[in-house]
Structure formats: C-alpha cells, structure tokens
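What follows is the content of final.csv, which has CSV, C-alpha atoms and all ligand atoms:
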chain,number,residue,atom,x,y,z
O,16,MET,CA,-25.3,20.4,10.2
O,17,GLU,CA,-23.4,18.0,12.4
O,18,ARG,CA,-25.2,15.1,13.7
O,19,ASP,CA,-24.6,13.7,17.2
O,20,THR,CA,-24.3,10.0,16.1
O,21,PRO,CA,-20.8,8.7,16.9
O,22,LEU,CA,-19.1,7.6,13.8
O,23,LEU,CA,-16.0,6.3,15.5
O,24,GLU,CA,-15.9,5.5,19.2
O,25,CYS,CA,-13.1,4.0,21.1
O,26,LYS,CA,-13.5,3.0,24.8
O,27,GLY,CA,-10.9,2.2,27.4
O,28,ILE,CA,-8.0,1.6,24.9
O,29,ASN,CA,-4.7,0.4,26.4
O,30,CYS,CA,-2.0,-0.3,23.9
O,31,GLY,CA,1.8,-0.3,23.4
O,32,TYR,CA,4.7,-2.0,21.8
O,33,ALA,CA,6.0,-5.3,23.2
O,34,ASP,CA,5.6,-4.8,27.0
O,35,MET,CA,5.9,-1.0,26.9
O,36,GLN,CA,2.5,0.6,27.5
O,37,VAL,CA,1.9,3.8,25.6
O,38,LEU,CA,-1.9,4.4,25.7
O,39,TYR,CA,-3.8,4.4,29.0
O,40,ASP,CA,-7.6,4.0,29.1
O,41,VAL,CA,-8.2,6.2,26.1
O,42,TYR,CA,-11.9,7.2,25.3
O,43,LEU,CA,-12.5,9.2,22.1
O,44,THR,CA,-15.3,9.8,19.7
O,45,VAL,CA,-15.6,11.3,16.3
O,46,LYS,CA,-19.2,12.2,15.2
O,47,GLU,CA,-20.5,12.1,11.7
O,48,LYS,CA,-19.2,15.0,9.6
O,49,GLU,CA,-17.0,16.2,12.4
O,50,ALA,CA,-13.3,17.2,12.2
O,51,VAL,CA,-11.4,16.4,15.4
O,52,VAL,CA,-7.8,17.1,16.3
O,53,ILE,CA,-5.5,15.3,18.7
O,54,PHE,CA,-2.9,17.5,20.4
O,55,GLY,CA,0.0,16.3,22.5
O,56,SER,CA,3.8,16.8,22.9
O,57,ASN,CA,6.3,14.5,21.2
O,58,GLY,CA,6.1,10.9,22.3
O,59,SER,CA,2.7,11.3,24.0
O,60,GLY,CA,1.2,8.5,21.9
O,61,LYS,CA,-0.7,10.4,19.1
O,62,SER,CA,0.6,8.2,16.3
O,63,THR,CA,0.2,5.1,18.4
O,64,LEU,CA,-3.5,6.1,18.8
O,65,LEU,CA,-4.1,6.6,15.1
O,66,LYS,CA,-2.3,3.3,14.4
O,67,THR,CA,-4.6,1.5,16.9
O,68,LEU,CA,-7.7,3.1,15.3
O,69,SER,CA,-6.6,2.1,11.8
O,70,GLY,CA,-5.9,-1.5,12.9
O,71,LEU,CA,-2.1,-1.4,12.5
O,72,LEU,CA,-1.8,-2.1,16.2
O,73,LYS,CA,-4.0,-4.3,18.2
O,74,PRO,CA,-5.2,-2.8,21.5
O,75,TRP,CA,-4.3,-4.7,24.6
O,76,ASN,CA,-7.9,-4.1,25.7
O,77,GLY,CA,-10.8,-1.8,25.1
O,78,SER,CA,-12.9,-1.5,22.1
O,79,VAL,CA,-13.3,0.4,18.8
O,80,ARG,CA,-16.6,0.9,17.1
O,81,PHE,CA,-17.3,2.3,13.7
O,82,TYR,CA,-21.0,3.2,13.0
O,83,ASP,CA,-22.7,0.5,15.1
O,84,ARG,CA,-20.1,-2.2,14.5
O,85,ASP,CA,-17.4,-3.5,16.7
O,86,ILE,CA,-14.2,-3.3,14.6
O,87,THR,CA,-11.7,-4.0,17.4
O,88,ASP,CA,-10.5,-7.2,15.8
O,89,LEU,CA,-10.6,-6.1,12.1
O,90,ALA,CA,-7.4,-5.8,10.1
O,91,PRO,CA,-6.4,-2.4,8.4
O,92,HIS,CA,-7.7,-3.4,5.0
O,93,GLU,CA,-11.1,-4.5,6.4
O,94,ARG,CA,-11.4,-1.2,8.2
O,95,ALA,CA,-10.4,0.6,5.0
O,96,ARG,CA,-13.2,-1.2,3.2
O,97,LEU,CA,-15.7,0.0,5.8
O,98,GLY,CA,-14.6,3.6,5.2
O,99,ILE,CA,-11.6,4.3,7.5
O,100,SER,CA,-8.7,5.8,5.5
O,101,PHE,CA,-5.4,6.6,7.1
O,102,ALA,CA,-3.1,9.0,5.3
O,103,SER,CA,-0.1,8.4,7.6
O,104,ASP,CA,2.7,9.7,5.4
O,105,THR,CA,3.9,9.4,1.8
O,106,ARG,CA,5.6,6.0,2.2
O,107,ASN,CA,2.6,4.3,0.6
O,108,LEU,CA,3.2,6.0,-2.8
O,109,PHE,CA,4.6,4.2,-5.7
O,110,LEU,CA,7.3,6.6,-6.8
O,111,SER,CA,7.9,5.0,-10.2
O,112,MET,CA,4.3,5.3,-11.1
O,113,SER,CA,2.4,8.4,-12.3
O,114,VAL,CA,0.3,10.7,-10.1
O,115,GLU,CA,-2.9,9.3,-11.7
O,116,GLU,CA,-1.8,5.7,-11.4
O,117,ASN,CA,-1.2,6.3,-7.7
O,118,LEU,CA,-4.7,7.7,-7.3
O,119,ILE,CA,-6.3,4.8,-9.2
O,120,LEU,CA,-4.5,2.4,-6.9
O,121,GLY,CA,-6.2,4.1,-4.0
O,122,ALA,CA,-9.7,3.2,-5.2
O,123,TYR,CA,-11.6,0.2,-4.0
O,124,THR,CA,-14.5,1.0,-6.2
O,125,ASN,CA,-15.9,0.2,-9.6
O,126,ARG,CA,-14.9,2.0,-12.7
O,127,LYS,CA,-17.8,4.5,-12.8
O,128,ARG,CA,-17.1,5.6,-9.3
O,129,LEU,CA,-13.4,5.6,-10.0
O,130,ARG,CA,-14.0,8.4,-12.6
O,131,LYS,CA,-16.2,10.3,-10.3
O,132,ASN,CA,-13.7,10.0,-7.4
O,133,LEU,CA,-10.8,11.1,-9.7
O,134,GLU,CA,-12.8,14.2,-10.6
O,135,MET,CA,-13.5,14.9,-7.0
O,136,VAL,CA,-9.8,14.6,-6.1
O,137,TYR,CA,-8.8,16.8,-9.1
O,138,HIS,CA,-11.5,19.3,-8.1
O,139,TYR,CA,-10.1,19.8,-4.6
O,140,PHE,CA,-6.5,19.4,-5.8
O,141,PRO,CA,-6.2,20.9,-9.3
O,142,GLU,CA,-2.4,20.8,-8.9
O,143,LEU,CA,-2.7,17.0,-9.1
O,144,ALA,CA,-4.7,17.2,-12.3
O,145,ASN,CA,-2.0,19.4,-13.8
O,146,MET,CA,0.6,16.8,-12.9
O,147,LYS,CA,-1.3,13.6,-13.5
O,148,LYS,CA,1.2,12.1,-15.9
O,149,LYS,CA,4.2,13.0,-13.8
O,150,LEU,CA,5.9,10.3,-11.8
O,151,ALA,CA,5.2,10.5,-8.0
O,152,GLY,CA,8.9,10.3,-7.4
O,153,GLU,CA,9.4,13.6,-9.3
O,154,LEU,CA,7.1,15.6,-7.0
O,155,SER,CA,8.3,17.7,-4.1
O,156,GLY,CA,7.6,16.5,-0.6
O,157,GLY,CA,4.6,18.8,-0.4
O,158,TYR,CA,3.0,17.5,-3.5
O,159,GLN,CA,3.7,14.0,-2.5
O,160,ARG,CA,1.8,14.7,0.7
O,161,MET,CA,-1.0,16.1,-1.4
O,162,LEU,CA,-1.0,13.0,-3.5
O,163,SER,CA,-1.1,10.7,-0.5
O,164,ILE,CA,-4.2,12.5,0.8
O,165,GLY,CA,-5.8,12.4,-2.7
O,166,ARG,CA,-5.1,8.7,-2.8
O,167,ALA,CA,-6.7,8.2,0.6
O,168,LEU,CA,-9.8,10.1,-0.7
O,169,MET,CA,-10.1,7.7,-3.7
O,170,SER,CA,-11.5,5.0,-1.5
O,171,GLU,CA,-14.5,7.2,-0.6
O,172,PRO,CA,-13.8,7.1,3.1
O,173,HIS,CA,-16.3,8.1,5.8
O,174,LEU,CA,-13.4,8.9,8.1
O,175,LEU,CA,-10.1,10.3,7.1
O,176,MET,CA,-7.2,10.1,9.6
O,177,ILE,CA,-4.1,12.2,9.0
O,178,ASP,CA,-0.9,12.1,11.0
O,179,GLU,CA,1.1,15.4,11.1
O,180,LEU,CA,-0.2,17.0,8.0
O,181,SER,CA,2.2,20.0,8.3
O,182,LEU,CA,5.4,18.1,9.1
O,183,GLY,CA,8.2,19.2,6.9
O,184,LEU,CA,6.0,21.2,4.6
O,185,SER,CA,6.4,24.9,3.5
O,186,PRO,CA,3.9,27.3,5.1
O,187,ASN,CA,2.2,27.8,1.6
O,188,MET,CA,1.7,24.1,1.2
O,189,VAL,CA,0.3,23.8,4.8
O,190,ASP,CA,-2.2,26.5,4.0
O,191,ARG,CA,-3.1,24.9,0.8
O,192,LEU,CA,-3.7,21.5,2.2
O,193,GLY,CA,-5.6,22.9,5.2
O,194,GLU,CA,-7.9,24.9,3.0
O,195,ALA,CA,-8.6,21.9,0.7
O,196,LEU,CA,-9.3,19.6,3.7
O,197,THR,CA,-11.5,22.2,5.4
O,198,ASN,CA,-13.6,22.4,2.1
O,199,ILE,CA,-13.8,18.7,1.8
O,200,ASN,CA,-15.1,18.4,5.4
O,201,ARG,CA,-17.6,21.2,5.0
O,202,GLU,CA,-18.9,20.4,1.5
O,203,ASN,CA,-18.7,16.6,1.5
O,204,GLY,CA,-19.2,16.1,5.3
O,205,LEU,CA,-16.2,13.9,5.4
O,206,ALA,CA,-15.3,13.3,9.1
O,207,MET,CA,-11.6,13.7,10.0
O,208,LEU,CA,-9.4,12.8,12.9
O,209,VAL,CA,-6.1,14.6,12.6
O,210,VAL,CA,-2.9,14.8,14.6
O,211,GLU,CA,-1.5,18.2,14.2
O,212,GLN,CA,1.1,20.3,16.0
O,213,GLU,CA,0.4,23.5,14.1
O,214,ILE,CA,-2.2,25.2,16.3
O,215,TYR,CA,-3.2,27.6,13.6
O,216,LEU,CA,-3.9,24.9,11.1
O,217,ALA,CA,-5.6,22.6,13.6
O,218,SER,CA,-7.9,25.3,15.0
O,219,ASN,CA,-9.0,26.3,11.5
O,220,MET,CA,-9.8,22.8,10.5
O,221,CYS,CA,-11.2,21.3,13.7
O,222,LYS,CA,-13.8,22.5,16.2
O,223,ARG,CA,-13.2,19.8,18.8
O,224,GLY,CA,-10.1,18.2,20.1
O,225,TYR,CA,-8.4,16.0,22.6
O,226,VAL,CA,-5.1,16.5,24.4
O,227,LEU,CA,-2.9,13.4,25.1
O,228,ASP,CA,-0.2,13.6,27.7
O,229,LEU,CA,2.0,10.5,28.4
O,230,GLY,CA,-0.7,8.3,26.8
O,231,LYS,CA,-3.6,9.7,28.7
O,232,ILE,CA,-6.4,12.0,27.6
O,233,VAL,CA,-5.9,15.0,29.9
O,234,ALA,CA,-8.4,17.5,28.3
O,235,GLN,CA,-11.0,17.5,25.6
O,236,GLY,CA,-13.6,20.0,24.2
O,237,GLU,CA,-13.8,22.9,21.8
O,238,VAL,CA,-10.4,23.7,20.3
O,239,GLN,CA,-10.6,27.4,21.0
O,240,LYS,CA,-11.4,26.7,24.7
O,241,LEU,CA,-8.8,24.0,25.0
O,242,LEU,CA,-6.0,26.2,23.8
O,243,GLN,CA,-6.8,28.7,26.5
O,244,GLU,CA,-6.4,26.1,29.3
O,245,ASP,CA,-3.2,26.3,31.3
O,246,THR,CA,-2.8,22.5,31.6
O,247,VAL,CA,-3.2,22.2,27.8
O,248,ARG,CA,-0.7,25.0,27.1
O,249,ARG,CA,1.8,23.4,29.4
O,250,VAL,CA,1.3,19.9,28.0
O,251,TYR,CA,1.1,21.0,24.4
O,252,MET,CA,3.9,23.4,24.5
O,253,GLY,CA,6.0,20.8,26.2
O,254,GLY,CA,6.7,23.1,29.1
O,255,SER,CA,9.0,25.2,27.0
O,256,HIS,CA,6.7,28.3,27.0
O,257,PRO,CA,5.7,30.3,30.0
O,301,LIG,N1,7.4,1.0,16.6
O,301,LIG,C1,7.6,1.3,17.9
O,301,LIG,N2,8.3,0.4,18.7
O,301,LIG,C2,8.5,0.7,20.0
O,301,LIG,N3,8.2,1.9,20.6
O,301,LIG,C3,7.6,2.8,19.8
O,301,LIG,C4,7.3,2.6,18.5
O,301,LIG,N4,6.7,3.7,18.0
O,301,LIG,C5,6.6,4.6,19.0
O,301,LIG,N5,7.1,4.1,20.1
O,301,LIG,C6,7.2,4.7,21.4
O,301,LIG,O1,5.9,5.0,21.8
O,301,LIG,C7,5.8,6.2,22.5
O,301,LIG,C8,4.7,7.1,21.8
O,301,LIG,O2,5.1,7.3,20.4
O,301,LIG,P1,4.2,7.9,19.4
O,301,LIG,O3,4.9,7.9,18.1
O,301,LIG,O4,2.8,7.4,19.4
O,301,LIG,O5,4.1,9.4,19.9
O,301,LIG,P2,3.7,10.8,19.1
O,301,LIG,O6,2.8,11.5,20.1
O,301,LIG,O7,3.1,10.4,17.8
O,301,LIG,O8,5.0,11.6,19.0
O,301,LIG,P3,5.6,12.6,17.9
O,301,LIG,O9,5.0,13.9,18.2
O,301,LIG,O10,7.0,12.5,18.0
O,301,LIG,O11,5.1,12.0,16.5
O,301,LIG,C9,7.2,6.9,22.4
O,301,LIG,O12,7.8,6.6,23.7
O,301,LIG,C10,7.9,6.1,21.3
O,301,LIG,O13,9.2,6.0,21.5
O,302,MG,MG,3.7,10.9,15.9
Before anything else, please render the file you have as structure tokens.
Amino acid sequence: MERDTPLLECKGINCGYADMQVLYDVYLTVKEKEAVVIFGSNGSGKSTLLKTLSGLLKPWNGSVRFYDRDITDLAPHERARLGISFASDTRNLFLSMSVEENLILGAYTNRKRLRKNLEMVYHYFPELANMKKKLAGELSGGYQRMLSIGRALMSEPHLLMIDELSLGLSPNMVDRLGEALTNINRENGLAMLVVEQEIYLASNMCKRGYVLDLGKIVAQGEVQKLLQEDTVRRVYMGGSHP
C-alpha cells in the first residue's frame, strides 16, 4: 500500500545554467513507495530537474526536502548517503573492471549488506549474475544500462531517479528493464522518479506523472488521465501529432 507521506518534495524551484533560466517555479512530490514519471518534449528541462534534485545543480531558489530534512544545500554524495540514487547514464561505469566489481563500487554499506545487496541485484537482473566476471566494457549498451541501474541499487536507495531509461536501447531490453524496475518498485517499495519518453513503458511503470513544458509544470496527475489531455498530448508529442 502506498503511503501519503512525501518522500521527496521540491517547492518553487528555479534553476538554470549561467544566466539562462531553465526551470520555473517547479513543485513536485514523490511519496513513499511511489513511481512517478516526468514527461516533456526535448529541451523542456527534465534532465535539469533531475540534476537539481540529485544535487548536481544548485537551485537559484526554492527548496528540496527528503523525508523531513531540508537537503537543498547538500552535495550529490551527501544526498546519495541519505538514499537518493541517480542512474543518469552509463558514464559512471568503470569499463576496464568486471560487472561485479562495478556493482561492489556502488555499495556504501558494510560487507554483510554488500552480499545481500549483490544477491538482490542478481535476483532482479540474473543476466548480470551470468556475466559477473565480464568486463563492463565488453557489454552491449543495453547491458551497460542494466549494470548502471544495478549499481545504483547497491547503495540501498530509498529513491531511484532514472533519466531516459529507454534511450538507444532495443525494444526487448526496454521491456526487460521496465519489468525488473516495476517488480523492484512493487516488491521492495523502492520509490522511483523517472524521465521517460516511451509512453508505454512509463505508463506501465508509473501511476502518477508530471508534464514539463519550457521549464514549467503544465499538468500533473494520474498517468492514464494525463495522456488523454489535449494540452499534454500537444506538449508531449511536440506538436508533431494531430
Ligand atoms: N550543461 C548545460 N549548459 C547549458 N545549457 C544546458 C546544459 N544542459 C542543458 N542545457 C539547456 O537547458 C535546457 C533544458 O535542457 P534539459 O537537458 O534539461 O532538457 P530535457 O528535457 O532533458 O531534454 P531532452 O529530452 O533532450 O533530454 C535546454 O535548452 C538545454 O539546451
Ligand atoms: Mg534530458
């Protein structure tokens, strides 16, 4: 059962790069055990929002809370220690190290929990168990993405943020990752905030969502209802569909 307690809550976020503003007065919450999606056309500020929530970018103003703590001024590693994990892409992998070594590097925990967490990752991603001795650099892009998510899970996050899960992956791999993440959310109650352009994947994984347009939240609510709204279709489809 989902609880109504906000896990992550951002209020009135304005942010950008140098003097270019990208996000305007963004309010967003993720409740405990909830999976939430952010939709938006290219350049609308989705990645910028995730970067702001993970601490990679400092908001110009506004606040970010996690549980009941103000984390607005915390650095990314401090947020990670509190349980916010950001699987942005595969660039954080060590390509000349093995799959298992990469997973172990993702752990901030003691040895006993490390074993338990490795088993958990291998349970949801048996493919990684079968390739544990392989070098990360030898994996296909899809399996590297799987490894980057497995690695994010090793820190026992309370919130997992993922940017563009499906980007550049084969339809089979997209299904596979979507299925595993949905199971992790349902069985372990891991809250997720995902940016995802694949409507099918996003609506399977997430019940609730937000739509960003030119850096502003223009709609929010149940994903199924959101996708039926004209404004959302126009914004999300970038005006290229009738
Ligand atoms: N490092 C950066 N420096 C300067 N401007 C940036 C930087 N990253 C993004 N931008 C600009 O900020 C705006 C929002 O970009 P952002 O990457 O957040 O959008 P997005 O919604 O994630 O887009 P996409 O769907 O293409 O991933 C764009 O105008 C982009 O050009
Ligand atoms: Mg992006």
Ligand MG 302 (chain O) neighbours within 7 Å using all atoms listed in the file, as a short mmCIF file (atom, residue, chain, number, x, y, z; two decimals) with C-alpha atoms, in the frame of the given file:
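Below you can see selection.cif, which holds the result:
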data_model
loop_
_atom_site.label_atom_id
_atom_site.label_comp_id
_atom_site.auth_asym_id
_atom_site.auth_seq_id
_atom_site.Cartn_x
_atom_site.Cartn_y
_atom_site.Cartn_z
CA ASN O 57 6.30 14.50 21.20
CA GLY O 58 6.10 10.90 22.30
CA GLY O 60 1.20 8.50 21.90
CA LYS O 61 -0.70 10.40 19.10
CA SER O 62 0.60 8.20 16.30
CA ASP O 178 -0.90 12.10 11.00
#
Give the residue list for ligand LIG 301 (chain O) at 10 Å, counting all atoms listed in the file, as a PDB file with C-alpha atoms, in the coordinates of the input, sorted by chain and then by residue number.
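Saved result, part_36.pdb, follows:
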ATOM      1  CA  CYS O  30      -2.000  -0.300  23.900  1.00  0.00           C
ATOM      2  CA  GLY O  31       1.800  -0.300  23.400  1.00  0.00           C
ATOM      3  CA  TYR O  32       4.700  -2.000  21.800  1.00  0.00           C
ATOM      4  CA  ALA O  33       6.000  -5.300  23.200  1.00  0.00           C
ATOM      5  CA  ASP O  34       5.600  -4.800  27.000  1.00  0.00           C
ATOM      6  CA  MET O  35       5.900  -1.000  26.900  1.00  0.00           C
ATOM      7  CA  GLN O  36       2.500   0.600  27.500  1.00  0.00           C
ATOM      8  CA  VAL O  37       1.900   3.800  25.600  1.00  0.00           C
ATOM      9  CA  LEU O  38      -1.900   4.400  25.700  1.00  0.00           C
ATOM     10  CA  ILE O  53      -5.500  15.300  18.700  1.00  0.00           C
ATOM     11  CA  PHE O  54      -2.900  17.500  20.400  1.00  0.00           C
ATOM     12  CA  GLY O  55       0.000  16.300  22.500  1.00  0.00           C
ATOM     13  CA  SER O  56       3.800  16.800  22.900  1.00  0.00           C
ATOM     14  CA  ASN O  57       6.300  14.500  21.200  1.00  0.00           C
ATOM     15  CA  GLY O  58       6.100  10.900  22.300  1.00  0.00           C
ATOM     16  CA  SER O  59       2.700  11.300  24.000  1.00  0.00           C
ATOM     17  CA  GLY O  60       1.200   8.500  21.900  1.00  0.00           C
ATOM     18  CA  LYS O  61      -0.700  10.400  19.100  1.00  0.00           C
ATOM     19  CA  SER O  62       0.600   8.200  16.300  1.00  0.00           C
ATOM     20  CA  THR O  63       0.200   5.100  18.400  1.00  0.00           C
ATOM     21  CA  LEU O  64      -3.500   6.100  18.800  1.00  0.00           C
ATOM     22  CA  LEU O  65      -4.100   6.600  15.100  1.00  0.00           C
ATOM     23  CA  LYS O  66      -2.300   3.300  14.400  1.00  0.00           C
ATOM     24  CA  THR O  67      -4.600   1.500  16.900  1.00  0.00           C
ATOM     25  CA  LEU O  72      -1.800  -2.100  16.200  1.00  0.00           C
ATOM     26  CA  ASP O 178      -0.900  12.100  11.000  1.00  0.00           C
ATOM     27  CA  GLU O 179       1.100  15.400  11.100  1.00  0.00           C
ATOM     28  CA  LEU O 182       5.400  18.100   9.100  1.00  0.00           C
ATOM     29  CA  VAL O 210      -2.900  14.800  14.600  1.00  0.00           C
ATOM     30  CA  GLU O 211      -1.500  18.200  14.200  1.00  0.00           C
ATOM     31  CA  GLN O 212       1.100  20.300  16.000  1.00  0.00           C
ATOM     32  CA  LEU O 227      -2.900  13.400  25.100  1.00  0.00           C
ATOM     33  CA  ASP O 228      -0.200  13.600  27.700  1.00  0.00           C
ATOM     34  CA  LEU O 229       2.000  10.500  28.400  1.00  0.00           C
ATOM     35  CA  GLY O 230      -0.700   8.300  26.800  1.00  0.00           C
TER      36      GLY O 230
END
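The space between atom CA of O:Lys48 and atom CA of O:Val247 spans 25.3 Å.
For the atom pair formed by atom CA of O:Leu68 and atom CA of O:Thr87, the distance is 8.4 Å, given to one decimal.
Minimum atom-to-atom distances from O:Glu153, O:Glu171, O:Glu142, O:Asp40 to O:Leu97 were compared using only C-alpha atoms, and the lowest value belongs to O:Glu171.
Between atom CA of O:Asn200 and atom CA of O:Glu49 there is a distance of 7.6 Å.
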